[in-house]
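Input: a single structure, listed below in structure tokens.
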Amino acid sequence: MRALWLEDRTLSLREIELPEPPPGEVLVRVLAAGICNTDIELTRGYYPFHGVPGHEFVGELNGKRVVGEINAVCHTCEACVGGRPTHCENRTVLGIKGRNGAFAEYLTLPAENLHVIPDTIETEEAVFIEPLAAALEIQEQIAIASSDRVLVVVHGKLGRLIARTLALTGCELTVATRGSVVPEKHFDVVVECSGDPAGFETARRAVRPRGTIVMKSTYAGTLTLNASSLVVDEITLIGSRCGPFDKAIDLLAARKINVRDLIDAIYPLSDAIAAFEHAQRRGALKILLRSERA
């Protein structure tokens with residue numbers, strides 16, 4: 001099968017063997033997949049992964065369209081038994097850690113990871129279920145009240161999704177893009193999802209004492225911060241990544257979140273390298289790869 005391969009920070013199109021699903025897993029035909037900032041950061045050395053990247057996807061299994069949670073877990077380690085399966089000590093992560101991903105004609109995942117999507121959600125929209133779930137995770141971790149002053153530091157598509165989910169809470173929402181000037185020590189909650197160290201600096205200046213910064217970015221390099229200022233202002237710092245697929249599916253199915261305007265372009269898998277180049281342009285939104293057999 002055709003696949004996009006990442007090795008030594010270099011992407012190439014290859015023909016690789018069709019994966020053979022081990023017990024408990026299934027073979028899924030990929031219909032479409034989205035390029036995420038994490039995929040781009042992998043090409044810059046964010047994590048020492050080699051293989052097929054890609055973790056935002058819609059596939060087909062037994063005639064039904066499915067999406068998949070990206071962490072494949074063991075169910076027996078301390079984290080799994082303790083109810084923290086996304087931090088499984090033995091996990092593999094689709095297209096990120098120890099498991100080939102979605103920028104290919106087929107992938108394998110545990111059957112328990114898959115969710116059937118309703119016909120009311122179009123395939124291109126369904127690609128957003130994984131990042132939308134990640135956006136919703138913020139509200140799983142902290143309560144957002146309508147009285148809260150919330151800032152989202154955004155340079156791309158995930159930040160826009162996050163802003164749209166937070167807007168549903170009725171909070172006092174501000175979105176800061178590149179070059180925005182925001183008041184200092186003003187916001188109760190700041191979500192940093194720019195993927196840029198300068199974005200973190202904006203977040204740090206904007207949060208009030210005893211406020212909360214939610215970190216949604218992955219950084220290929222080292223993030224420098226003034227730890228003393230976090231202590232003095234008693235700032236709560238929360239890391240946030242994977243989230244609830246069921247709630248993301250329900251929001252899309254109910255048309256409470258619009259994602260179609262976040263699609264910048266759709267490329268065939270055979271043009272995946274050009275698609276990655278497009279995804280790295282300043283201001284680019286979501287770039288999709290579409291199976292030529294879809």
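For the structure tokens, the naming scheme is as follows: chains receive sequential letters (A, B, ...) according to their order of presentation, residues are indexed from 1 within each chain, and ligands are indexed from 1 in presentation order.
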Those in segment 44-254 of chain A with helix (DSSP H, G or I) from DSSP, as a PyMOL selection string: chain A and resi 78-81+85-87+111-113+123-126+129-141+157-167+197-206+227-232+245-253
Selection export as a compact mmCIF listing (two decimals), in the first residue's frame, atoms kept: C-alpha atoms:
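And here is the file that came out, selection-v9.txt:
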# COMPACT_ATOMS: atom_id res chain seq x y z
CA GLU A 78 -0.58 1.04 37.06
CA ALA A 79 -1.84 3.95 34.96
CA CYS A 80 -4.50 1.85 33.22
CA VAL A 81 -5.68 0.20 36.43
CA PRO A 85 -5.37 4.90 30.23
CA THR A 86 -4.17 7.80 28.05
CA HIS A 87 -1.01 7.65 30.17
CA ALA A 111 -11.42 -2.34 17.88
CA GLU A 112 -12.24 -0.73 21.23
CA ASN A 113 -10.70 2.56 20.02
CA THR A 123 -16.23 12.75 5.97
CA GLU A 124 -14.22 15.98 5.75
CA GLU A 125 -15.92 17.25 8.92
CA ALA A 126 -15.32 14.01 10.77
CA ILE A 129 -13.33 14.76 15.69
CA GLU A 130 -9.91 13.97 17.20
CA PRO A 131 -8.77 17.62 17.53
CA LEU A 132 -12.27 18.67 18.63
CA ALA A 133 -12.11 16.04 21.37
CA ALA A 134 -8.73 17.46 22.40
CA ALA A 135 -10.31 20.92 22.56
CA LEU A 136 -13.13 19.62 24.75
CA GLU A 137 -10.64 18.05 27.16
CA ILE A 138 -10.06 21.50 28.66
CA GLN A 139 -13.59 21.49 30.02
CA GLU A 140 -13.05 17.96 31.37
CA GLN A 141 -10.08 19.26 33.38
CA LYS A 157 -6.59 25.66 13.61
CA LEU A 158 -6.59 23.94 17.04
CA GLY A 159 -6.84 27.29 18.77
CA ARG A 160 -9.84 28.22 16.66
CA LEU A 161 -11.54 24.95 17.57
CA ILE A 162 -10.79 25.55 21.23
CA ALA A 163 -12.22 29.05 21.05
CA ARG A 164 -15.41 27.72 19.47
CA THR A 165 -15.89 25.11 22.19
CA LEU A 166 -15.24 27.65 24.96
CA ALA A 167 -17.68 30.11 23.39
CA PRO A 197 7.35 30.12 22.75
CA ALA A 198 6.24 33.71 22.18
CA GLY A 199 2.67 32.48 22.63
CA PHE A 200 3.55 31.14 26.06
CA GLU A 201 5.03 34.51 26.99
CA THR A 202 1.76 36.15 25.98
CA ALA A 203 -0.16 33.64 28.08
CA ARG A 204 2.09 34.15 31.10
CA ARG A 205 1.76 37.92 31.01
CA ALA A 206 -2.01 37.77 30.55
CA ALA A 227 9.57 29.53 37.13
CA SER A 228 9.87 32.00 40.01
CA SER A 229 7.10 34.17 38.58
CA LEU A 230 4.81 31.13 38.42
CA VAL A 231 5.49 30.48 42.10
CA VAL A 232 5.09 34.10 43.21
CA PHE A 245 -14.65 11.48 21.30
CA ASP A 246 -18.30 10.91 22.17
CA LYS A 247 -18.85 14.57 23.06
CA ALA A 248 -17.00 15.73 19.95
CA ILE A 249 -19.18 13.52 17.73
CA ASP A 250 -22.35 14.80 19.42
CA LEU A 251 -21.33 18.46 18.91
CA LEU A 252 -20.63 17.95 15.22
CA ALA A 253 -23.77 15.91 14.67
Exercise: segment 46-63 of chain A partners within 6 Å, only C-alpha atoms, chain neighbours under 3 positions left out, as a VMD selection string: chain A and resid 4 to 7 28 to 34 41 to 42 66 to 67 94 to 95 100 to 103 127 130 220
Contacts of Ala272 of chain A at 10 Å (only C-alpha atoms; same-chain gap of 2+ positions) as an NGL selection string: :A and (3-4 or 11-13 or 35 or 103-104 or 266-270 or 274-278 or 287-290)
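Near Thr92 of chain A, within 7 Å and counting only C-alpha atoms, sit Asn71, Ala72, Val73, Gly98 and Arg99 of chain A; same-chain residues fewer than 6 positions away were not included.
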Between atom CA of Ile235 of chain A and atom CA of Gly156 of chain A - distance in Å to one decimal: 25.1 Å
Contact check, segment 205-264 of chain A to segment 170-189 of chain A, at most 10 Å, counting only C-alpha atoms, closest pairs as CSV:
residue,atom,partner,partner_atom,distance
A:Arg205,CA,A:Glu184,CA,5.3
A:Ala206,CA,A:Glu184,CA,4.3
A:Val207,CA,A:Lys185,CA,4.7
A:Arg208,CA,A:Lys185,CA,3.8
A:Pro209,CA,A:Lys185,CA,6.7
A:Arg210,CA,A:Asp188,CA,8.0
A:Gly211,CA,A:Asp188,CA,4.9
A:Thr212,CA,A:Val189,CA,4.8
A:Ile213,CA,A:Val189,CA,5.9
A:Val214,CA,A:Val189,CA,7.5
A:Asp233,CA,A:Lys185,CA,9.6
A:Thr236,CA,A:Val189,CA,9.5
In segment 5-244 of chain A, DSSP strand (DSSP E or B) residues written as a PyMOL selection string: chain A and resi 5-7+10-15+25-35+51+56-61+64-68+71-72+92-94+97-99+104+106-110+114-116+149-154+172-176+187-193+207-215+236-239
Closest of A:Asp196, A:Glu292, A:Asp271, A:Asp39 to Ile96 of chain A - atom-to-atom distances counting only C-alpha atoms: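 Nearest to Ile96 of chain A: A:Asp39.
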Residues within 8 Å of Cys193 of chain A, only C-alpha atoms, excluding chain neighbours under 2 positions, as a PyMOL selection string: chain A and resi 152-155+158-159+191+195+199+215-217
Å distance separating atom CA of His115 of chain A from atom CA of Asn37 of chain A, one decimal place: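 So the two atoms, atom CA of His115 of chain A and atom CA of Asn37 of chain A, lie 23.3 Å apart.
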One-decimal distance in Å that lies between atom CA of Lys64 of chain A and atom CA of Lys256 of chain A: 23.5 Å
